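S.K.: For reference, the file entry.pdb (PDB, N, CA, C and O atoms) is included below:
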```pdb
ATOM      1  N   MET A 269      73.567  30.628 -11.660
ATOM      2  CA  MET A 269      73.972  29.240 -11.753
ATOM      3  C   MET A 269      72.912  28.460 -12.522
ATOM      4  O   MET A 269      71.726  28.552 -12.215
ATOM      5  N   PHE A 270      73.349  27.692 -13.502
ATOM      6  CA  PHE A 270      72.449  26.857 -14.287
ATOM      7  C   PHE A 270      72.758  25.389 -14.022
ATOM      8  O   PHE A 270      73.919  24.987 -14.020
ATOM      9  N   VAL A 271      71.701  24.617 -13.811
ATOM     10  CA  VAL A 271      71.824  23.184 -13.560
ATOM     11  C   VAL A 271      70.954  22.451 -14.571
ATOM     12  O   VAL A 271      69.837  22.880 -14.865
ATOM     13  N   ALA A 272      71.481  21.351 -15.100
ATOM     14  CA  ALA A 272      70.704  20.505 -15.991
ATOM     15  C   ALA A 272      70.447  19.176 -15.302
ATOM     16  O   ALA A 272      71.349  18.597 -14.684
ATOM     17  N   GLY A 273      69.228  18.700 -15.411
ATOM     18  CA  GLY A 273      68.874  17.383 -14.905
ATOM     19  C   GLY A 273      68.401  16.540 -16.063
ATOM     20  O   GLY A 273      67.629  17.008 -16.905
ATOM     21  N   ILE A 274      68.895  15.311 -16.138
ATOM     22  CA  ILE A 274      68.515  14.406 -17.215
ATOM     23  C   ILE A 274      68.088  13.085 -16.595
ATOM     24  O   ILE A 274      68.863  12.456 -15.872
ATOM     25  N   ASP A 275      66.859  12.665 -16.874
ATOM     26  CA  ASP A 275      66.329  11.403 -16.374
ATOM     27  C   ASP A 275      66.212  10.443 -17.542
ATOM     28  O   ASP A 275      65.414  10.688 -18.459
ATOM     29  N   ILE A 276      66.994   9.368 -17.513
ATOM     30  CA  ILE A 276      67.002   8.412 -18.605
ATOM     31  C   ILE A 276      66.171   7.205 -18.203
ATOM     32  O   ILE A 276      66.575   6.408 -17.352
ATOM     33  N   GLY A 277      65.003   7.102 -18.792
ATOM     34  CA  GLY A 277      64.110   5.993 -18.514
ATOM     35  C   GLY A 277      64.085   5.015 -19.668
ATOM     36  O   GLY A 277      64.703   5.227 -20.706
ATOM     37  N   SER A 278      63.354   3.937 -19.509
ATOM     38  CA  SER A 278      63.304   2.924 -20.555
ATOM     39  C   SER A 278      62.509   3.376 -21.773
ATOM     40  O   SER A 278      62.800   2.960 -22.889
ATOM     41  N   LEU A 279      61.538   4.245 -21.586
ATOM     42  CA  LEU A 279      60.723   4.723 -22.711
ATOM     43  C   LEU A 279      61.061   6.135 -23.144
ATOM     44  O   LEU A 279      61.068   6.447 -24.332
ATOM     45  N   SER A 280      61.309   7.006 -22.173
ATOM     46  CA  SER A 280      61.616   8.397 -22.527
ATOM     47  C   SER A 280      62.791   8.919 -21.710
ATOM     48  O   SER A 280      63.094   8.412 -20.639
ATOM     49  N   THR A 281      63.436   9.928 -22.276
ATOM     50  CA  THR A 281      64.521  10.625 -21.602
ATOM     51  C   THR A 281      64.111  12.079 -21.492
ATOM     52  O   THR A 281      63.745  12.699 -22.492
ATOM     53  N   ASP A 282      64.143  12.602 -20.282
ATOM     54  CA  ASP A 282      63.668  13.950 -20.000
ATOM     55  C   ASP A 282      64.830  14.813 -19.522
ATOM     56  O   ASP A 282      65.636  14.365 -18.707
ATOM     57  N   ALA A 283      64.898  16.027 -20.010
ATOM     58  CA  ALA A 283      65.929  16.970 -19.581
ATOM     59  C   ALA A 283      65.270  18.271 -19.151
ATOM     60  O   ALA A 283      64.249  18.677 -19.712
ATOM     61  N   VAL A 284      65.864  18.897 -18.160
ATOM     62  CA  VAL A 284      65.356  20.163 -17.653
ATOM     63  C   VAL A 284      66.547  21.076 -17.351
ATOM     64  O   VAL A 284      67.600  20.605 -16.932
ATOM     65  N   ILE A 285      66.373  22.362 -17.597
ATOM     66  CA  ILE A 285      67.381  23.365 -17.255
ATOM     67  C   ILE A 285      66.770  24.260 -16.183
ATOM     68  O   ILE A 285      65.673  24.795 -16.355
ATOM     69  N   PHE A 286      67.494  24.433 -15.088
ATOM     70  CA  PHE A 286      67.016  25.152 -13.913
ATOM     71  C   PHE A 286      68.025  26.248 -13.565
ATOM     72  O   PHE A 286      69.235  26.022 -13.629
ATOM     73  N   ASP A 287      67.546  27.435 -13.227
ATOM     74  CA  ASP A 287      68.466  28.536 -12.901
ATOM     75  C   ASP A 287      68.597  28.793 -11.394
ATOM     76  O   ASP A 287      69.162  29.791 -10.973
ATOM     77  N   GLY A 288      68.082  27.887 -10.587
ATOM     78  CA  GLY A 288      68.122  28.066  -9.141
ATOM     79  C   GLY A 288      66.833  28.615  -8.581
ATOM     80  O   GLY A 288      66.587  28.531  -7.379
ATOM     81  N   HIS A 289      66.006  29.191  -9.462
ATOM     82  CA  HIS A 289      64.727  29.755  -9.038
ATOM     83  C   HIS A 289      63.556  29.211  -9.846
ATOM     84  O   HIS A 289      62.451  29.098  -9.329
ATOM     85  N   ARG A 290      63.821  28.899 -11.098
ATOM     86  CA  ARG A 290      62.721  28.432 -11.959
ATOM     87  C   ARG A 290      63.254  27.548 -13.071
ATOM     88  O   ARG A 290      64.439  27.592 -13.413
ATOM     89  N   ILE A 291      62.363  26.764 -13.636
ATOM     90  CA  ILE A 291      62.706  25.932 -14.789
ATOM     91  C   ILE A 291      62.712  26.820 -16.029
ATOM     92  O   ILE A 291      61.725  27.496 -16.317
ATOM     93  N   LEU A 292      63.832  26.828 -16.731
ATOM     94  CA  LEU A 292      63.951  27.631 -17.947
ATOM     95  C   LEU A 292      63.465  26.886 -19.175
ATOM     96  O   LEU A 292      62.925  27.492 -20.100
ATOM     97  N   SER A 293      63.703  25.583 -19.215
ATOM     98  CA  SER A 293      63.272  24.792 -20.368
ATOM     99  C   SER A 293      63.260  23.317 -20.001
ATOM    100  O   SER A 293      63.816  22.909 -18.976
ATOM    101  N   HIS A 294      62.648  22.545 -20.882
ATOM    102  CA  HIS A 294      62.637  21.096 -20.724
ATOM    103  C   HIS A 294      62.485  20.448 -22.094
ATOM    104  O   HIS A 294      62.087  21.111 -23.062
ATOM    105  N   ALA A 295      62.813  19.173 -22.155
ATOM    106  CA  ALA A 295      62.645  18.414 -23.395
ATOM    107  C   ALA A 295      62.420  16.951 -23.040
ATOM    108  O   ALA A 295      62.966  16.456 -22.050
ATOM    109  N   ILE A 296      61.637  16.288 -23.858
ATOM    110  CA  ILE A 296      61.363  14.862 -23.693
ATOM    111  C   ILE A 296      61.558  14.203 -25.050
ATOM    112  O   ILE A 296      60.975  14.647 -26.049
ATOM    113  N   VAL A 297      62.391  13.158 -25.076
ATOM    114  CA  VAL A 297      62.634  12.411 -26.317
ATOM    115  C   VAL A 297      62.498  10.925 -26.019
ATOM    116  O   VAL A 297      62.705  10.493 -24.878
ATOM    117  N   PRO A 298      62.181  10.111 -27.028
ATOM    118  CA  PRO A 298      62.147   8.657 -26.805
ATOM    119  C   PRO A 298      63.556   8.122 -26.574
ATOM    120  O   PRO A 298      64.499   8.549 -27.245
ATOM    121  N   THR A 299      63.708   7.206 -25.650
ATOM    122  CA  THR A 299      65.023   6.645 -25.357
ATOM    123  C   THR A 299      65.500   5.714 -26.478
ATOM    124  O   THR A 299      66.676   5.729 -26.836
ATOM    125  N   LEU A 300      64.609   4.928 -27.028
ATOM    126  CA  LEU A 300      64.938   3.969 -28.092
ATOM    127  C   LEU A 300      66.066   3.047 -27.637
ATOM    128  O   LEU A 300      66.061   2.572 -26.533
ATOM    129  N   SER A 301      67.068   2.809 -28.484
ATOM    130  CA  SER A 301      68.084   1.804 -28.173
ATOM    131  C   SER A 301      69.350   2.354 -27.535
ATOM    132  O   SER A 301      70.229   1.592 -27.148
ATOM    133  N   SER A 302      69.477   3.684 -27.416
ATOM    134  CA  SER A 302      70.704   4.255 -26.881
ATOM    135  C   SER A 302      70.422   5.307 -25.809
ATOM    136  O   SER A 302      69.963   6.410 -26.115
ATOM    137  N   SER A 303      70.727   4.970 -24.583
ATOM    138  CA  SER A 303      70.547   5.916 -23.477
ATOM    139  C   SER A 303      71.390   7.162 -23.678
ATOM    140  O   SER A 303      70.935   8.280 -23.457
ATOM    141  N   GLU A 304      72.640   6.978 -24.090
ATOM    142  CA  GLU A 304      73.540   8.116 -24.248
ATOM    143  C   GLU A 304      73.078   9.046 -25.366
ATOM    144  O   GLU A 304      73.082  10.267 -25.223
ATOM    145  N   SER A 305      72.646   8.484 -26.474
ATOM    146  CA  SER A 305      72.160   9.295 -27.590
ATOM    147  C   SER A 305      70.895  10.062 -27.203
ATOM    148  O   SER A 305      70.745  11.239 -27.534
ATOM    149  N   ALA A 306      69.998   9.394 -26.504
ATOM    150  CA  ALA A 306      68.760  10.043 -26.069
ATOM    151  C   ALA A 306      69.059  11.157 -25.076
ATOM    152  O   ALA A 306      68.462  12.240 -25.145
ATOM    153  N   ALA A 307      69.995  10.919 -24.163
ATOM    154  CA  ALA A 307      70.358  11.942 -23.187
ATOM    155  C   ALA A 307      70.945  13.159 -23.877
ATOM    156  O   ALA A 307      70.606  14.299 -23.562
ATOM    157  N   ARG A 308      71.816  12.936 -24.830
ATOM    158  CA  ARG A 308      72.431  14.049 -25.570
ATOM    159  C   ARG A 308      71.362  14.827 -26.344
ATOM    160  O   ARG A 308      71.355  16.046 -26.353
ATOM    161  N   SER A 309      70.449  14.123 -26.961
ATOM    162  CA  SER A 309      69.390  14.760 -27.745
ATOM    163  C   SER A 309      68.475  15.612 -26.855
ATOM    164  O   SER A 309      68.149  16.757 -27.192
ATOM    165  N   ALA A 310      68.057  15.056 -25.728
ATOM    166  CA  ALA A 310      67.186  15.798 -24.805
ATOM    167  C   ALA A 310      67.920  16.999 -24.219
ATOM    168  O   ALA A 310      67.357  18.095 -24.127
ATOM    169  N   TYR A 311      69.179  16.809 -23.852
ATOM    170  CA  TYR A 311      69.994  17.891 -23.295
ATOM    171  C   TYR A 311      70.166  19.017 -24.312
ATOM    172  O   TYR A 311      69.958  20.190 -24.004
ATOM    173  N   ASP A 312      70.515  18.653 -25.532
ATOM    174  CA  ASP A 312      70.692  19.665 -26.583
ATOM    175  C   ASP A 312      69.399  20.434 -26.858
ATOM    176  O   ASP A 312      69.416  21.647 -27.048
ATOM    177  N   ALA A 313      68.277  19.725 -26.866
ATOM    178  CA  ALA A 313      66.982  20.381 -27.109
ATOM    179  C   ALA A 313      66.638  21.339 -25.970
ATOM    180  O   ALA A 313      66.139  22.452 -26.205
ATOM    181  N   ALA A 314      66.905  20.938 -24.735
ATOM    182  CA  ALA A 314      66.625  21.808 -23.592
ATOM    183  C   ALA A 314      67.544  23.030 -23.597
ATOM    184  O   ALA A 314      67.110  24.145 -23.295
ATOM    185  N   LEU A 315      68.818  22.828 -23.957
ATOM    186  CA  LEU A 315      69.739  23.958 -24.065
ATOM    187  C   LEU A 315      69.266  24.949 -25.119
ATOM    188  O   LEU A 315      69.258  26.163 -24.888
ATOM    189  N   LYS A 316      68.865  24.435 -26.267
ATOM    190  CA  LYS A 316      68.393  25.300 -27.356
ATOM    191  C   LYS A 316      67.158  26.089 -26.922
ATOM    192  O   LYS A 316      67.062  27.293 -27.177
ATOM    193  N   ALA A 317      66.227  25.426 -26.249
ATOM    194  CA  ALA A 317      64.997  26.092 -25.800
ATOM    195  C   ALA A 317      65.289  27.181 -24.766
ATOM    196  O   ALA A 317      64.560  28.169 -24.681
ATOM    197  N   ALA A 318      66.362  27.008 -23.997
ATOM    198  CA  ALA A 318      66.734  27.999 -22.989
ATOM    199  C   ALA A 318      67.692  29.053 -23.541
ATOM    200  O   ALA A 318      68.084  29.968 -22.823
ATOM    201  N   ALA A 319      68.075  28.910 -24.804
ATOM    202  CA  ALA A 319      69.052  29.811 -25.446
ATOM    203  C   ALA A 319      70.378  29.818 -24.689
ATOM    204  O   ALA A 319      70.980  30.859 -24.456
ATOM    205  N   LEU A 320      70.816  28.604 -24.286
ATOM    206  CA  LEU A 320      72.077  28.431 -23.574
ATOM    207  C   LEU A 320      72.956  27.444 -24.328
ATOM    208  O   LEU A 320      72.477  26.718 -25.195
ATOM    209  N   SER A 321      74.232  27.400 -23.949
ATOM    210  CA  SER A 321      75.136  26.390 -24.486
ATOM    211  C   SER A 321      75.636  25.544 -23.323
ATOM    212  O   SER A 321      75.485  25.909 -22.155
ATOM    213  N   ALA A 322      76.253  24.423 -23.638
ATOM    214  CA  ALA A 322      76.744  23.525 -22.594
ATOM    215  C   ALA A 322      77.740  24.227 -21.673
ATOM    216  O   ALA A 322      77.805  23.918 -20.479
ATOM    217  N   SER A 323      78.486  25.174 -22.189
ATOM    218  CA  SER A 323      79.466  25.895 -21.362
ATOM    219  C   SER A 323      78.798  26.798 -20.324
ATOM    220  O   SER A 323      79.437  27.213 -19.358
ATOM    221  N   ASP A 324      77.515  27.088 -20.500
ATOM    222  CA  ASP A 324      76.772  27.897 -19.527
ATOM    223  C   ASP A 324      76.311  27.078 -18.316
ATOM    224  O   ASP A 324      75.951  27.642 -17.284
ATOM    225  N   ILE A 325      76.300  25.766 -18.456
ATOM    226  CA  ILE A 325      75.762  24.886 -17.423
ATOM    227  C   ILE A 325      76.840  24.574 -16.396
ATOM    228  O   ILE A 325      77.937  24.139 -16.738
ATOM    229  N   ASP A 326      76.505  24.791 -15.124
ATOM    230  CA  ASP A 326      77.453  24.549 -14.037
ATOM    231  C   ASP A 326      77.518  23.079 -13.630
ATOM    232  O   ASP A 326      78.582  22.577 -13.289
ATOM    233  N   THR A 327      76.379  22.402 -13.636
ATOM    234  CA  THR A 327      76.324  21.008 -13.210
ATOM    235  C   THR A 327      75.273  20.259 -14.023
ATOM    236  O   THR A 327      74.184  20.780 -14.251
ATOM    237  N   VAL A 328      75.623  19.043 -14.407
ATOM    238  CA  VAL A 328      74.676  18.142 -15.071
ATOM    239  C   VAL A 328      74.501  16.923 -14.177
ATOM    240  O   VAL A 328      75.477  16.254 -13.822
ATOM    241  N   VAL A 329      73.259  16.651 -13.804
ATOM    242  CA  VAL A 329      72.930  15.509 -12.948
ATOM    243  C   VAL A 329      72.097  14.527 -13.750
ATOM    244  O   VAL A 329      71.110  14.912 -14.383
ATOM    245  N   ALA A 330      72.508  13.258 -13.735
ATOM    246  CA  ALA A 330      71.777  12.209 -14.450
ATOM    247  C   ALA A 330      71.089  11.287 -13.453
ATOM    248  O   ALA A 330      71.659  10.940 -12.418
ATOM    249  N   THR A 331      69.861  10.905 -13.767
ATOM    250  CA  THR A 331      69.107   9.958 -12.947
ATOM    251  C   THR A 331      68.497   8.912 -13.867
ATOM    252  O   THR A 331      68.532   9.037 -15.074
ATOM    253  N   GLY A 332      67.895   7.909 -13.269
ATOM    254  CA  GLY A 332      67.208   6.890 -14.048
ATOM    255  C   GLY A 332      68.091   5.689 -14.344
ATOM    256  O   GLY A 332      69.264   5.639 -13.967
ATOM    257  N   TYR A 333      67.527   4.727 -15.031
ATOM    258  CA  TYR A 333      68.243   3.475 -15.241
ATOM    259  C   TYR A 333      69.474   3.651 -16.131
ATOM    260  O   TYR A 333      70.435   2.897 -16.033
ATOM    261  N   GLY A 334      69.525   4.665 -16.976
ATOM    262  CA  GLY A 334      70.669   4.887 -17.851
ATOM    263  C   GLY A 334      71.664   5.902 -17.331
ATOM    264  O   GLY A 334      72.569   6.329 -18.046
ATOM    265  N   ARG A 335      71.552   6.294 -16.076
ATOM    266  CA  ARG A 335      72.353   7.383 -15.523
ATOM    267  C   ARG A 335      73.861   7.147 -15.599
ATOM    268  O   ARG A 335      74.619   8.092 -15.767
ATOM    269  N   THR A 336      74.304   5.921 -15.480
ATOM    270  CA  THR A 336      75.746   5.662 -15.478
ATOM    271  C   THR A 336      76.356   5.661 -16.877
ATOM    272  O   THR A 336      77.569   5.676 -17.014
ATOM    273  N   SER A 337      75.533   5.681 -17.902
ATOM    274  CA  SER A 337      76.064   5.667 -19.270
ATOM    275  C   SER A 337      76.262   7.063 -19.842
ATOM    276  O   SER A 337      76.703   7.210 -20.982
ATOM    277  N   ILE A 338      75.970   8.103 -19.070
ATOM    278  CA  ILE A 338      76.062   9.476 -19.548
ATOM    279  C   ILE A 338      77.418  10.052 -19.166
ATOM    280  O   ILE A 338      77.653  10.457 -18.037
ATOM    281  N   ASP A 339      78.331  10.122 -20.142
ATOM    282  CA  ASP A 339      79.699  10.553 -19.854
ATOM    283  C   ASP A 339      79.836  12.045 -19.599
ATOM    284  O   ASP A 339      80.824  12.481 -19.022
ATOM    285  N   PHE A 340      78.852  12.842 -19.996
ATOM    286  CA  PHE A 340      78.957  14.293 -19.780
ATOM    287  C   PHE A 340      78.288  14.745 -18.482
ATOM    288  O   PHE A 340      78.295  15.930 -18.158
ATOM    289  N   ALA A 341      77.731  13.809 -17.733
ATOM    290  CA  ALA A 341      77.102  14.154 -16.447
ATOM    291  C   ALA A 341      78.184  14.330 -15.383
ATOM    292  O   ALA A 341      79.165  13.581 -15.339
ATOM    293  N   ASP A 342      77.994  15.328 -14.541
ATOM    294  CA  ASP A 342      78.911  15.551 -13.428
ATOM    295  C   ASP A 342      78.605  14.642 -12.250
ATOM    296  O   ASP A 342      79.478  14.360 -11.430
ATOM    297  N   ARG A 343      77.357  14.196 -12.191
ATOM    298  CA  ARG A 343      76.912  13.410 -11.058
ATOM    299  C   ARG A 343      75.798  12.476 -11.506
ATOM    300  O   ARG A 343      74.952  12.859 -12.308
ATOM    301  N   ALA A 344      75.782  11.250 -10.969
ATOM    302  CA  ALA A 344      74.699  10.299 -11.221
ATOM    303  C   ALA A 344      74.024  10.000  -9.896
ATOM    304  O   ALA A 344      74.685   9.695  -8.905
ATOM    305  N   VAL A 345      72.696  10.132  -9.875
ATOM    306  CA  VAL A 345      71.928   9.888  -8.644
ATOM    307  C   VAL A 345      70.927   8.781  -8.905
ATOM    308  O   VAL A 345      70.232   8.804  -9.899
TER     309      VAL A 345
END
```
Mind converting the file's structure to structure tokens?
M.R.:
Amino acid sequence: MFVAGIDIGSLSTDAVIFDGHRILSHAIVPTLSSSESAARSAYDAALKAAALSASDIDTVVATGYGRTSIDFADRAV
């Protein structure tokens, strides 16, 4: 099972890919003016670093002040 976590902050957006036992990859990008664009960029970079595709991910969880603007997240916390 693969889980992605994306934290959208005012300065940076961080993404992590977790396999249930360990962190496989992570990425940090500047948020700039678009939370959704930054989230997509960080997510794509983390997927690439883990050699995975979005279809491999079972759940995407978004956190942070921009969490509700992420349409591809399964859950916002």
S.K.: Mind pulling up the distance from atom C of Ala295 (chain A) to CA of Gly332 (chain A)?
M.R.: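 Calculated distance between CA of Gly332 (chain A) and atom C of Ala295 (chain A) is 14.3 Å.
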S.K.: Rounded to one decimal in Å, what is the spacing between atom C of Ile325 (chain A) and CA of Ser301 (chain A)?
M.R.: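 Interatomic distance here is 27.1 Å.
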S.K.: State, in Å with one decimal place, the distance from CA of Ala306 (chain A) to atom N of Thr281 (chain A).
M.R.: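 Atom N of Thr281 (chain A) lies at a distance of 6.5 Å from CA of Ala306 (chain A).
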S.K.: So which one's closest to Val329 (chain A), A:Asp282, A:Met269, A:Asp287, A:Gly277? Using only N, CA, C and O atoms, please.
M.R.: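 Selected residue with least distance to Val329 (chain A): A:Asp282.
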S.K.: So which bits of chain A end up alpha helix (DSSP H) when you DSSP the backbone, as a PDB file with N, CA, C and O atoms, in the coordinates of the input?
M.R.:
```
ATOM      1  N   SER A 303      70.727   4.970 -24.583  1.00  0.00           N
ATOM      2  CA  SER A 303      70.547   5.916 -23.477  1.00  0.00           C
ATOM      3  C   SER A 303      71.390   7.162 -23.678  1.00  0.00           C
ATOM      4  O   SER A 303      70.935   8.280 -23.457  1.00  0.00           O
ATOM      5  N   GLU A 304      72.640   6.978 -24.090  1.00  0.00           N
ATOM      6  CA  GLU A 304      73.540   8.116 -24.248  1.00  0.00           C
ATOM      7  C   GLU A 304      73.078   9.046 -25.366  1.00  0.00           C
ATOM      8  O   GLU A 304      73.082  10.267 -25.223  1.00  0.00           O
ATOM      9  N   SER A 305      72.646   8.484 -26.474  1.00  0.00           N
ATOM     10  CA  SER A 305      72.160   9.295 -27.590  1.00  0.00           C
ATOM     11  C   SER A 305      70.895  10.062 -27.203  1.00  0.00           C
ATOM     12  O   SER A 305      70.745  11.239 -27.534  1.00  0.00           O
ATOM     13  N   ALA A 306      69.998   9.394 -26.504  1.00  0.00           N
ATOM     14  CA  ALA A 306      68.760  10.043 -26.069  1.00  0.00           C
ATOM     15  C   ALA A 306      69.059  11.157 -25.076  1.00  0.00           C
ATOM     16  O   ALA A 306      68.462  12.240 -25.145  1.00  0.00           O
ATOM     17  N   ALA A 307      69.995  10.919 -24.163  1.00  0.00           N
ATOM     18  CA  ALA A 307      70.358  11.942 -23.187  1.00  0.00           C
ATOM     19  C   ALA A 307      70.945  13.159 -23.877  1.00  0.00           C
ATOM     20  O   ALA A 307      70.606  14.299 -23.562  1.00  0.00           O
ATOM     21  N   ARG A 308      71.816  12.936 -24.830  1.00  0.00           N
ATOM     22  CA  ARG A 308      72.431  14.049 -25.570  1.00  0.00           C
ATOM     23  C   ARG A 308      71.362  14.827 -26.344  1.00  0.00           C
ATOM     24  O   ARG A 308      71.355  16.046 -26.353  1.00  0.00           O
ATOM     25  N   SER A 309      70.449  14.123 -26.961  1.00  0.00           N
ATOM     26  CA  SER A 309      69.390  14.760 -27.745  1.00  0.00           C
ATOM     27  C   SER A 309      68.475  15.612 -26.855  1.00  0.00           C
ATOM     28  O   SER A 309      68.149  16.757 -27.192  1.00  0.00           O
ATOM     29  N   ALA A 310      68.057  15.056 -25.728  1.00  0.00           N
ATOM     30  CA  ALA A 310      67.186  15.798 -24.805  1.00  0.00           C
ATOM     31  C   ALA A 310      67.920  16.999 -24.219  1.00  0.00           C
ATOM     32  O   ALA A 310      67.357  18.095 -24.127  1.00  0.00           O
ATOM     33  N   TYR A 311      69.179  16.809 -23.852  1.00  0.00           N
ATOM     34  CA  TYR A 311      69.994  17.891 -23.295  1.00  0.00           C
ATOM     35  C   TYR A 311      70.166  19.017 -24.312  1.00  0.00           C
ATOM     36  O   TYR A 311      69.958  20.190 -24.004  1.00  0.00           O
ATOM     37  N   ASP A 312      70.515  18.653 -25.532  1.00  0.00           N
ATOM     38  CA  ASP A 312      70.692  19.665 -26.583  1.00  0.00           C
ATOM     39  C   ASP A 312      69.399  20.434 -26.858  1.00  0.00           C
ATOM     40  O   ASP A 312      69.416  21.647 -27.048  1.00  0.00           O
ATOM     41  N   ALA A 313      68.277  19.725 -26.866  1.00  0.00           N
ATOM     42  CA  ALA A 313      66.982  20.381 -27.109  1.00  0.00           C
ATOM     43  C   ALA A 313      66.638  21.339 -25.970  1.00  0.00           C
ATOM     44  O   ALA A 313      66.139  22.452 -26.205  1.00  0.00           O
ATOM     45  N   ALA A 314      66.905  20.938 -24.735  1.00  0.00           N
ATOM     46  CA  ALA A 314      66.625  21.808 -23.592  1.00  0.00           C
ATOM     47  C   ALA A 314      67.544  23.030 -23.597  1.00  0.00           C
ATOM     48  O   ALA A 314      67.110  24.145 -23.295  1.00  0.00           O
ATOM     49  N   LEU A 315      68.818  22.828 -23.957  1.00  0.00           N
ATOM     50  CA  LEU A 315      69.739  23.958 -24.065  1.00  0.00           C
ATOM     51  C   LEU A 315      69.266  24.949 -25.119  1.00  0.00           C
ATOM     52  O   LEU A 315      69.258  26.163 -24.888  1.00  0.00           O
ATOM     53  N   LYS A 316      68.865  24.435 -26.267  1.00  0.00           N
ATOM     54  CA  LYS A 316      68.393  25.300 -27.356  1.00  0.00           C
ATOM     55  C   LYS A 316      67.158  26.089 -26.922  1.00  0.00           C
ATOM     56  O   LYS A 316      67.062  27.293 -27.177  1.00  0.00           O
ATOM     57  N   ALA A 317      66.227  25.426 -26.249  1.00  0.00           N
ATOM     58  CA  ALA A 317      64.997  26.092 -25.800  1.00  0.00           C
ATOM     59  C   ALA A 317      65.289  27.181 -24.766  1.00  0.00           C
ATOM     60  O   ALA A 317      64.560  28.169 -24.681  1.00  0.00           O
ATOM     61  N   ALA A 318      66.362  27.008 -23.997  1.00  0.00           N
ATOM     62  CA  ALA A 318      66.734  27.999 -22.989  1.00  0.00           C
ATOM     63  C   ALA A 318      67.692  29.053 -23.541  1.00  0.00           C
ATOM     64  O   ALA A 318      68.084  29.968 -22.823  1.00  0.00           O
TER      65      ALA A 318
END
```
S.K.: Please write the residues picked by the PyMOL selection byres (((chain A and resi 310 and name CA) around 7) and name CA) on this file as a ChimeraX atom specification.
M.R.: /A:281-283,295-297,306-309,311-314
S.K.: Save the residues we just selected, N, CA, C and O atoms, as a compact mmCIF listing (two decimals), keeping the file's coordinate frame?
M.R.:
```
# COMPACT_ATOMS: atom_id res chain seq x y z
N THR A 281 63.44 9.93 -22.28
CA THR A 281 64.52 10.62 -21.60
C THR A 281 64.11 12.08 -21.49
O THR A 281 63.74 12.70 -22.49
N ASP A 282 64.14 12.60 -20.28
CA ASP A 282 63.67 13.95 -20.00
C ASP A 282 64.83 14.81 -19.52
O ASP A 282 65.64 14.36 -18.71
N ALA A 283 64.90 16.03 -20.01
CA ALA A 283 65.93 16.97 -19.58
C ALA A 283 65.27 18.27 -19.15
O ALA A 283 64.25 18.68 -19.71
N ALA A 295 62.81 19.17 -22.16
CA ALA A 295 62.64 18.41 -23.40
C ALA A 295 62.42 16.95 -23.04
O ALA A 295 62.97 16.46 -22.05
N ILE A 296 61.64 16.29 -23.86
CA ILE A 296 61.36 14.86 -23.69
C ILE A 296 61.56 14.20 -25.05
O ILE A 296 60.98 14.65 -26.05
N VAL A 297 62.39 13.16 -25.08
CA VAL A 297 62.63 12.41 -26.32
C VAL A 297 62.50 10.92 -26.02
O VAL A 297 62.70 10.49 -24.88
N ALA A 306 70.00 9.39 -26.50
CA ALA A 306 68.76 10.04 -26.07
C ALA A 306 69.06 11.16 -25.08
O ALA A 306 68.46 12.24 -25.14
N ALA A 307 70.00 10.92 -24.16
CA ALA A 307 70.36 11.94 -23.19
C ALA A 307 70.94 13.16 -23.88
O ALA A 307 70.61 14.30 -23.56
N ARG A 308 71.82 12.94 -24.83
CA ARG A 308 72.43 14.05 -25.57
C ARG A 308 71.36 14.83 -26.34
O ARG A 308 71.36 16.05 -26.35
N SER A 309 70.45 14.12 -26.96
CA SER A 309 69.39 14.76 -27.74
C SER A 309 68.47 15.61 -26.86
O SER A 309 68.15 16.76 -27.19
N TYR A 311 69.18 16.81 -23.85
CA TYR A 311 69.99 17.89 -23.30
C TYR A 311 70.17 19.02 -24.31
O TYR A 311 69.96 20.19 -24.00
N ASP A 312 70.52 18.65 -25.53
CA ASP A 312 70.69 19.66 -26.58
C ASP A 312 69.40 20.43 -26.86
O ASP A 312 69.42 21.65 -27.05
N ALA A 313 68.28 19.73 -26.87
CA ALA A 313 66.98 20.38 -27.11
C ALA A 313 66.64 21.34 -25.97
O ALA A 313 66.14 22.45 -26.20
N ALA A 314 66.90 20.94 -24.74
CA ALA A 314 66.62 21.81 -23.59
C ALA A 314 67.54 23.03 -23.60
O ALA A 314 67.11 24.14 -23.30
```
S.K.: Residues at most 10 Å from Ala341 (chain A), counting only C-alpha atoms, excluding those fewer than 4 positions away in the same chain, as a VMD selection string?
M.R.: chain A and resid 272 to 274 307 327 to 331 335 to 337
S.K.: Which of chain A end up as strand (DSSP E or B) when DSSP is run on this backbone - answer as a ChimeraX atom specification?
M.R.: /A:271-276,280-286,291-298,327-332,343-344
S.K.: Could you tell me which residues the PyMOL selection byres ((chain A and resi 300) around 5) returns for this structure, as an mmCIF file with N, CA, C and O atoms, keeping the file's coordinate frame?
M.R.:
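Final output, expr-v3.cif:
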```cif
data_model
loop_
_atom_site.group_PDB
_atom_site.id
_atom_site.type_symbol
_atom_site.label_atom_id
_atom_site.label_comp_id
_atom_site.auth_asym_id
_atom_site.auth_seq_id
_atom_site.Cartn_x
_atom_site.Cartn_y
_atom_site.Cartn_z
ATOM 1 N N SER A 278 63.354 3.937 -19.509
ATOM 2 C CA SER A 278 63.304 2.924 -20.555
ATOM 3 C C SER A 278 62.509 3.376 -21.773
ATOM 4 O O SER A 278 62.800 2.960 -22.889
ATOM 5 N N LEU A 279 61.538 4.245 -21.586
ATOM 6 C CA LEU A 279 60.723 4.723 -22.711
ATOM 7 C C LEU A 279 61.061 6.135 -23.144
ATOM 8 O O LEU A 279 61.068 6.447 -24.332
ATOM 9 N N PRO A 298 62.181 10.111 -27.028
ATOM 10 C CA PRO A 298 62.147 8.657 -26.805
ATOM 11 C C PRO A 298 63.556 8.122 -26.574
ATOM 12 O O PRO A 298 64.499 8.549 -27.245
ATOM 13 N N THR A 299 63.708 7.206 -25.650
ATOM 14 C CA THR A 299 65.023 6.645 -25.357
ATOM 15 C C THR A 299 65.500 5.714 -26.478
ATOM 16 O O THR A 299 66.676 5.729 -26.836
ATOM 17 N N SER A 301 67.068 2.809 -28.484
ATOM 18 C CA SER A 301 68.084 1.804 -28.173
ATOM 19 C C SER A 301 69.350 2.354 -27.535
ATOM 20 O O SER A 301 70.229 1.592 -27.148
ATOM 21 N N SER A 302 69.477 3.684 -27.416
ATOM 22 C CA SER A 302 70.704 4.255 -26.881
ATOM 23 C C SER A 302 70.422 5.307 -25.809
ATOM 24 O O SER A 302 69.963 6.410 -26.115
#
```
